[in-house]
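For reference, the structure is listed below as structure tokens.
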Amino acid sequence: MIEYIKCSSNNECVEIIKNAVRNKELIIIFGKYTVDYQGRAASKLTEGERFVIIKQDGAIIIHRPTGYSPVNWQPSTSVIEVVERDDKVVLTAIRNKPREIVWVYFSEIYGIIHGKLVDQGEFIMYMDEHEIRDILYENPELIEKGLRIIEKEKPIGNGYADLFGIDKNNVPVIIEIKRISASRDAVLQLFNYVKIYENKTGVKPRGILVAPNFTSSAIESIHKLGLEYKEINLQLLWKYKKAREIKHGTLLEFLEKKK
């Protein structure tokens with residue numbers, strides 16, 4: 001059940017948000033606020049009218065009224081706190097690994113939407129992992145500048161790594177690709193390839209997990225195991241796919257179009 005509330009005081013807003021966070025609900029807060037961020041970098045967003053989304057897994061997204069990209073965002077957080085301070089509602093989101101903190105200072109809250117949603121649907125953009133693999137094989141810069149892919153479906157142990165390459169520093173790179181949200185199992189699969197390759201060659205490779213998005217447990221495991229991850233944009237890959245299909249058209253198809 002989704003509920004919209006226009007709270008009458010800052011204290012009421014604080015209690016509504018606190019309870020919704022405690023219940024792991026989806027929360028959308030409309031208001032006027034500033035944002036401070038400290039972590040891998042630092043930033044400040046001056047006052048404006050926007051909305052904050054707190055997802056059921058603790059991810060936080062801050063959107064302006066225009067554009068599709070968030071101006072600030074943070075993956076699943078360790079701690080979300082809400083207090084009233086100096087006539088403002090202050091939301092603090094803390095992520096431990098890596099250490100990042102977002103502070104949102106609301107001078108006004110116009111309304112709050114909260115409740116739980118159930119979504120078990122699978123997102124499919126008509127590309128399988130082999131198509132994604134082939135696009136990245138031909139365009140390795142989509143993963144990292146200076147990366148050279150030298151092999152597809154590289155045998156490692158009892159499995160096959162999707163891509164194998166060399167980075168700009170001549171370090172071997174093992175890449176595992178998932179077309180949907182990458183889970184902890186995908187991280188462990190990649191880690192297994194990395195360890196087998198290191199034990200066999202005596203050279204420690206980099207391991208990069210590539211996917212449209214990642215579960216919080218996957219990101220936590222990536223950091224713990226010394227791996228890396230790259231988020232890919234499926235809409236961008238779709239454009240590469242269509243361009244690839246045109247490029248690889250047959251001569252007969254080309255002549256037919258000319259008639």
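Letters for chains follow the order of the structure tokens (A, B, ...), residue numbers begin at 1 for each chain, and ligand numbers begin at 1 in the order shown.
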Once DSSP has gone over the backbone, tell me which residues of segment 9-257 of chain A are in strand (DSSP E), as a PyMOL selection string. chain A and resi 26-38+42-54+60-63+72-74+79-85+88-95+100-115+148-156+159-166+172-177+206-211+228-231
Near-segment 184-196 of chain A list (10 Å; only C-alpha atoms; drop same-chain fewer than 4 positions) as an MDAnalysis selection string: chainID A and resid 155:162 172:178 200:211 214:222 225:229
Dump of N, CA and C atoms for the selected residues, as a short mmCIF file (atom, residue, chain, number, x, y, z; two decimals), in the first residue's frame:
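Okay, this is what ended up in out_16.cif:
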```
data_model
loop_
_atom_site.label_atom_id
_atom_site.label_comp_id
_atom_site.auth_asym_id
_atom_site.auth_seq_id
_atom_site.Cartn_x
_atom_site.Cartn_y
_atom_site.Cartn_z
N PRO A 155 39.24 -20.56 -21.90
CA PRO A 155 39.15 -21.67 -20.93
C PRO A 155 40.00 -21.39 -19.69
N ILE A 156 39.37 -21.47 -18.54
CA ILE A 156 40.08 -21.33 -17.26
C ILE A 156 39.50 -22.37 -16.31
N GLY A 157 40.32 -23.33 -15.92
CA GLY A 157 39.82 -24.41 -15.08
C GLY A 157 38.75 -25.19 -15.81
N ASN A 158 37.61 -25.39 -15.14
CA ASN A 158 36.50 -26.11 -15.76
C ASN A 158 35.48 -25.18 -16.43
N GLY A 159 35.80 -23.90 -16.49
CA GLY A 159 34.86 -22.94 -17.07
C GLY A 159 35.48 -22.12 -18.18
N TYR A 160 34.73 -21.11 -18.62
CA TYR A 160 35.17 -20.23 -19.69
C TYR A 160 34.89 -18.79 -19.29
N ALA A 161 35.95 -17.99 -19.20
CA ALA A 161 35.77 -16.57 -18.92
C ALA A 161 35.27 -15.89 -20.19
N ASP A 162 34.33 -14.97 -20.04
CA ASP A 162 33.72 -14.33 -21.21
C ASP A 162 34.76 -13.61 -22.07
N PRO A 172 47.18 -8.68 -17.15
CA PRO A 172 46.07 -9.50 -17.65
C PRO A 172 44.75 -9.13 -16.97
N VAL A 173 43.67 -9.18 -17.74
CA VAL A 173 42.35 -8.83 -17.23
C VAL A 173 41.36 -9.94 -17.61
N ILE A 174 40.69 -10.49 -16.60
CA ILE A 174 39.64 -11.48 -16.82
C ILE A 174 38.31 -10.78 -16.59
N ILE A 175 37.40 -10.92 -17.58
CA ILE A 175 36.13 -10.20 -17.54
C ILE A 175 34.97 -11.18 -17.60
N GLU A 176 34.08 -11.06 -16.65
CA GLU A 176 32.87 -11.87 -16.63
C GLU A 176 31.67 -10.95 -16.85
N ILE A 177 30.73 -11.36 -17.69
CA ILE A 177 29.61 -10.51 -18.11
C ILE A 177 28.29 -11.12 -17.66
N LYS A 178 27.39 -10.27 -17.15
CA LYS A 178 26.04 -10.67 -16.83
C LYS A 178 25.07 -9.68 -17.48
N LYS A 200 48.07 -20.93 -11.90
CA LYS A 200 48.62 -21.61 -13.06
C LYS A 200 49.78 -20.85 -13.68
N THR A 201 49.69 -19.51 -13.71
CA THR A 201 50.69 -18.70 -14.43
C THR A 201 51.67 -17.99 -13.50
N GLY A 202 51.30 -17.84 -12.22
CA GLY A 202 52.14 -17.07 -11.31
C GLY A 202 51.97 -15.58 -11.46
N VAL A 203 51.01 -15.16 -12.30
CA VAL A 203 50.74 -13.74 -12.53
C VAL A 203 49.34 -13.43 -12.02
N LYS A 204 49.23 -12.37 -11.22
CA LYS A 204 47.92 -12.01 -10.68
C LYS A 204 47.18 -11.12 -11.67
N PRO A 205 46.03 -11.58 -12.19
CA PRO A 205 45.27 -10.76 -13.13
C PRO A 205 44.27 -9.87 -12.40
N ARG A 206 43.78 -8.87 -13.10
CA ARG A 206 42.64 -8.11 -12.61
C ARG A 206 41.37 -8.87 -12.97
N GLY A 207 40.37 -8.77 -12.14
CA GLY A 207 39.08 -9.37 -12.44
C GLY A 207 38.01 -8.29 -12.46
N ILE A 208 37.29 -8.17 -13.58
CA ILE A 208 36.25 -7.14 -13.71
C ILE A 208 34.92 -7.81 -14.01
N LEU A 209 33.94 -7.54 -13.17
CA LEU A 209 32.58 -8.03 -13.38
C LEU A 209 31.79 -6.93 -14.09
N VAL A 210 31.18 -7.26 -15.21
CA VAL A 210 30.46 -6.29 -16.03
C VAL A 210 28.98 -6.65 -16.05
N ALA A 211 28.12 -5.68 -15.73
CA ALA A 211 26.67 -5.94 -15.68
C ALA A 211 25.92 -4.61 -15.70
N PHE A 214 24.20 -4.16 -9.97
CA PHE A 214 24.80 -5.11 -9.03
C PHE A 214 24.01 -5.11 -7.72
N THR A 215 23.85 -6.29 -7.13
CA THR A 215 23.22 -6.36 -5.82
C THR A 215 24.19 -5.80 -4.78
N SER A 216 23.64 -5.40 -3.64
CA SER A 216 24.50 -4.85 -2.58
C SER A 216 25.50 -5.90 -2.08
N SER A 217 25.07 -7.17 -2.03
CA SER A 217 25.99 -8.22 -1.58
C SER A 217 27.09 -8.45 -2.61
N ALA A 218 26.78 -8.26 -3.89
CA ALA A 218 27.80 -8.40 -4.93
C ALA A 218 28.86 -7.32 -4.78
N ILE A 219 28.44 -6.08 -4.59
CA ILE A 219 29.40 -4.97 -4.45
C ILE A 219 30.26 -5.16 -3.21
N GLU A 220 29.64 -5.60 -2.13
CA GLU A 220 30.40 -5.85 -0.90
C GLU A 220 31.45 -6.94 -1.12
N SER A 221 31.07 -8.02 -1.81
CA SER A 221 32.01 -9.12 -2.07
C SER A 221 33.12 -8.68 -3.02
N ILE A 222 32.80 -7.86 -3.99
CA ILE A 222 33.81 -7.35 -4.94
C ILE A 222 34.91 -6.62 -4.18
N LEU A 225 37.06 -9.07 -2.02
CA LEU A 225 37.91 -10.00 -2.76
C LEU A 225 38.91 -9.31 -3.69
N GLY A 226 38.93 -7.99 -3.68
CA GLY A 226 39.91 -7.26 -4.49
C GLY A 226 39.60 -7.29 -5.98
N LEU A 227 38.32 -7.40 -6.32
CA LEU A 227 37.92 -7.39 -7.72
C LEU A 227 37.41 -6.00 -8.10
N GLU A 228 36.96 -5.87 -9.33
CA GLU A 228 36.45 -4.60 -9.83
C GLU A 228 35.11 -4.83 -10.52
N TYR A 229 34.36 -3.74 -10.72
CA TYR A 229 33.10 -3.89 -11.45
C TYR A 229 32.89 -2.68 -12.36
#
```
Please, which residues in segment 114-221 of chain A fall within 6 Å of segment 24-28 of chain A when counting only C-alpha atoms, and what is the closest atom pair and distance in Å to one decimal for each, ordered by chain then residue number, as CSV?
```
residue,atom,partner,partner_atom,distance
A:His114,CA,A:Ile27,CA,4.4
A:Gly115,CA,A:Glu25,CA,5.1
A:Lys116,CA,A:Glu25,CA,5.0
```
Which is closer to Ser78 of chain A than all the others in A:Glu131, A:Asp36, A:Glu138, A:Asp57, using only C-alpha atoms? A:Asp57
